[in-house]
Amino acid sequence: QVQLVESGGGLVQPGGSLRLSCAASGSVFSMSSMGWYRQAPGKERELVARISRGGSTNYADSVKGRFTISTDNAKTAVYLQMDSLKPEDTAVYYCNRRSVQGAENWGQGTQVTVSS
């Protein structure tokens with residue numbers, strides 16, 4: 001079993017920054033990709049950013065140029081640096097990890113609220 005634990009959410013004013021972290025533990029097989037998704041009230045969960053084992057990244061159009069995804073050297077942690085935050089970024093953010101064996105795991109979610 002793989003456990004994903006997120007941290008770093010909170011309340012921030014518009015224009016501010018937050019850094020989310022997600023650490024994987026347990027039976028951690030080789031990572032294929034890791035990513036961040038978010039779900040706002042009344043909306044479907046959506047992809048925010050994803051990074052492959054080789055370092056390729058893709059971002060939702062709404063966060064390009066403001067958010068940056070990265071991993072640690074061991075490929076067991078993923079980070080999301082969020083700058084120039086907007087109220088519409090308010091959501092629960094979930095970490096996701098896919099292994100080369102095809103397994104997929106989700107974190108419990110961390111709340112990000114952007115409000116003045």
# chains A, B, ... in the order shown; residues from 1 in each chain; ligands from 1
call {"tool": "residues_around", "arguments": {"residues": "Arg53 (chain A)", "least_positions_apart": "2", "cutoff": "7 Å", "atoms": "only C-alpha atoms", "output": "number ranges by chain"}}
result
A: 31-33, 51, 55
call {"tool": "residues_around", "arguments": {"residues": "region 65-79 of chain A", "least_positions_apart": "6", "cutoff": "12 Å", "atoms": "only C-alpha atoms", "output": "ChimeraX atom specification"}}
result
/A:2-9,15-37,48-59,85-86,89,93-99,107
call {"tool": "write_last_selection", "arguments": {"atoms": "C-alpha atoms", "output": "mmCIF file, in the first residue's frame"}}
result
data_model
loop_
_atom_site.group_PDB
_atom_site.id
_atom_site.type_symbol
_atom_site.label_atom_id
_atom_site.label_comp_id
_atom_site.auth_asym_id
_atom_site.auth_seq_id
_atom_site.Cartn_x
_atom_site.Cartn_y
_atom_site.Cartn_z
ATOM 1 C CA VAL A 2 1.140 3.492 -0.845
ATOM 2 C CA GLN A 3 0.152 6.409 1.331
ATOM 3 C CA LEU A 4 0.228 9.988 0.090
ATOM 4 C CA VAL A 5 0.274 12.765 2.655
ATOM 5 C CA GLU A 6 -0.274 16.351 1.550
ATOM 6 C CA SER A 7 0.636 19.498 3.429
ATOM 7 C CA GLY A 8 0.956 23.214 2.853
ATOM 8 C CA GLY A 9 -2.619 24.298 2.250
ATOM 9 C CA GLY A 15 -1.728 37.602 -5.213
ATOM 10 C CA GLY A 16 -0.070 35.542 -2.520
ATOM 11 C CA SER A 17 1.820 32.247 -2.699
ATOM 12 C CA LEU A 18 1.580 28.784 -1.227
ATOM 13 C CA ARG A 19 3.689 25.658 -1.632
ATOM 14 C CA LEU A 20 1.994 22.281 -1.454
ATOM 15 C CA SER A 21 3.934 19.128 -0.644
ATOM 16 C CA CYS A 22 3.015 15.480 -1.059
ATOM 17 C CA ALA A 23 5.106 12.647 0.335
ATOM 18 C CA ALA A 24 4.661 9.015 -0.659
ATOM 19 C CA SER A 25 5.387 6.184 1.768
ATOM 20 C CA GLY A 26 4.766 2.453 2.016
ATOM 21 C CA SER A 27 5.266 0.024 -0.858
ATOM 22 C CA VAL A 28 6.531 2.683 -3.224
ATOM 23 C CA PHE A 29 7.210 1.208 -6.637
ATOM 24 C CA SER A 30 8.778 3.120 -9.462
ATOM 25 C CA MET A 31 6.871 6.268 -10.169
ATOM 26 C CA SER A 32 5.445 6.800 -13.621
ATOM 27 C CA SER A 33 4.016 10.228 -12.946
ATOM 28 C CA MET A 34 2.743 12.387 -10.112
ATOM 29 C CA GLY A 35 0.296 15.210 -10.206
ATOM 30 C CA TRP A 36 -1.985 17.638 -8.473
ATOM 31 C CA TYR A 37 -5.720 17.860 -8.999
ATOM 32 C CA VAL A 48 -3.860 21.187 -12.173
ATOM 33 C CA ALA A 49 -0.402 19.911 -13.097
ATOM 34 C CA ARG A 50 1.378 16.664 -13.782
ATOM 35 C CA ILE A 51 5.030 15.619 -13.984
ATOM 36 C CA SER A 52 6.442 12.441 -15.480
ATOM 37 C CA ARG A 53 9.368 10.419 -14.209
ATOM 38 C CA GLY A 54 11.449 11.978 -16.959
ATOM 39 C CA GLY A 55 10.525 15.472 -15.858
ATOM 40 C CA SER A 56 7.998 16.368 -18.533
ATOM 41 C CA THR A 57 5.266 18.607 -17.200
ATOM 42 C CA ASN A 58 1.822 19.693 -18.241
ATOM 43 C CA TYR A 59 -0.419 22.310 -16.677
ATOM 44 C CA LEU A 85 -3.048 33.079 -6.436
ATOM 45 C CA LYS A 86 -6.567 34.066 -7.401
ATOM 46 C CA ASP A 89 -7.895 28.828 -7.236
ATOM 47 C CA TYR A 93 -6.066 20.026 -3.781
ATOM 48 C CA TYR A 94 -5.300 16.323 -4.158
ATOM 49 C CA CYS A 95 -2.008 14.601 -4.813
ATOM 50 C CA ASN A 96 -1.965 11.709 -7.279
ATOM 51 C CA ARG A 97 0.689 9.119 -7.999
ATOM 52 C CA ARG A 98 0.846 6.482 -10.723
ATOM 53 C CA SER A 99 3.367 3.670 -10.733
ATOM 54 C CA GLY A 107 -3.930 11.756 -1.052
#
call {"tool": "residues_around", "arguments": {"residues": "Ser115 (chain A)", "least_positions_apart": "6", "cutoff": "8 Å", "atoms": "only C-alpha atoms", "output": "ChimeraX atom specification"}}
result
/A:11-14,87
call {"tool": "write_last_selection", "arguments": {"atoms": "N, CA, C and O atoms", "output": "PDB file, in the first residue's frame"}}
result
ATOM      1  N   LEU A  11      -4.998  29.476   4.111  1.00  0.00           N
ATOM      2  CA  LEU A  11      -5.674  30.696   3.667  1.00  0.00           C
ATOM      3  C   LEU A  11      -4.629  31.713   3.227  1.00  0.00           C
ATOM      4  O   LEU A  11      -3.661  31.970   3.963  1.00  0.00           O
ATOM      5  N   VAL A  12      -4.824  32.284   2.058  1.00  0.00           N
ATOM      6  CA  VAL A  12      -3.884  33.270   1.537  1.00  0.00           C
ATOM      7  C   VAL A  12      -4.664  34.354   0.813  1.00  0.00           C
ATOM      8  O   VAL A  12      -5.749  34.101   0.278  1.00  0.00           O
ATOM      9  N   GLN A  13      -4.121  35.559   0.817  1.00  0.00           N
ATOM     10  CA  GLN A  13      -4.765  36.665   0.116  1.00  0.00           C
ATOM     11  C   GLN A  13      -4.501  36.574  -1.385  1.00  0.00           C
ATOM     12  O   GLN A  13      -3.492  35.998  -1.818  1.00  0.00           O
ATOM     13  N   PRO A  14      -5.384  37.143  -2.183  1.00  0.00           N
ATOM     14  CA  PRO A  14      -5.135  37.177  -3.630  1.00  0.00           C
ATOM     15  C   PRO A  14      -3.777  37.791  -3.941  1.00  0.00           C
ATOM     16  O   PRO A  14      -3.379  38.786  -3.320  1.00  0.00           O
ATOM     17  N   PRO A  87      -8.774  34.115  -6.345  1.00  0.00           N
ATOM     18  CA  PRO A  87      -9.897  33.491  -5.628  1.00  0.00           C
ATOM     19  C   PRO A  87     -10.402  32.225  -6.310  1.00  0.00           C
ATOM     20  O   PRO A  87     -10.828  31.276  -5.635  1.00  0.00           O
TER      21      PRO A  87
END
call {"tool": "select_by_dssp", "arguments": {"residues": "region 84-115 of chain A", "states": "strand (DSSP E)", "output": "list in words"}}
result
Ala91, Val92, Tyr93, Tyr94, Cys95, Asn96, Arg97, Arg98, Ser99, Glu104, Asn105, Trp106, Thr110, Gln111, Val112, Thr113 and Val114 of chain A
call {"tool": "atom_distance", "arguments": {"atom1": "CA of Ala91 (chain A)", "atom2": "CA of Gln111 (chain A)"}}
result
6.1 Å
call {"tool": "closest_residue", "arguments": {"among": "A:Glu44, A:Thr90, A:Met82, A:Val63", "to": "Val112 (chain A)", "atoms": "only C-alpha atoms"}}
result
A:Thr90
call {"tool": "atom_distance", "arguments": {"atom1": "CA of Gln39 (chain A)", "atom2": "CA of Ser62 (chain A)"}}
result
13.8 Å
call {"tool": "atom_distance", "arguments": {"atom1": "CA of Ala103 (chain A)", "atom2": "CA of Ala40 (chain A)"}}
result
25.6 Å
call {"tool": "select_by_dssp", "arguments": {"residues": "chain A", "states": "helix (DSSP H, G or I)", "output": "list of chain:residue names"}}
result
A:Asp61, A:Ser62, A:Val63, A:Pro87, A:Glu88, A:Asp89
call {"tool": "closest_residue", "arguments": {"among": "A:Gln1, A:Gly109, A:Leu47, A:Lys64", "to": "Val92 (chain A)", "atoms": "only C-alpha atoms"}}
result
A:Gly109
call {"tool": "closest_residue", "arguments": {"among": "A:Val100, A:Glu88, A:Lys43, A:Ala60", "to": "Thr113 (chain A)", "atoms": "only C-alpha atoms"}}
result
A:Glu88
call {"tool": "closest_residue", "arguments": {"among": "A:Thr110, A:Ser84, A:Asp61, A:Glu104", "to": "Arg38 (chain A)", "atoms": "only C-alpha atoms"}}
result
A:Thr110
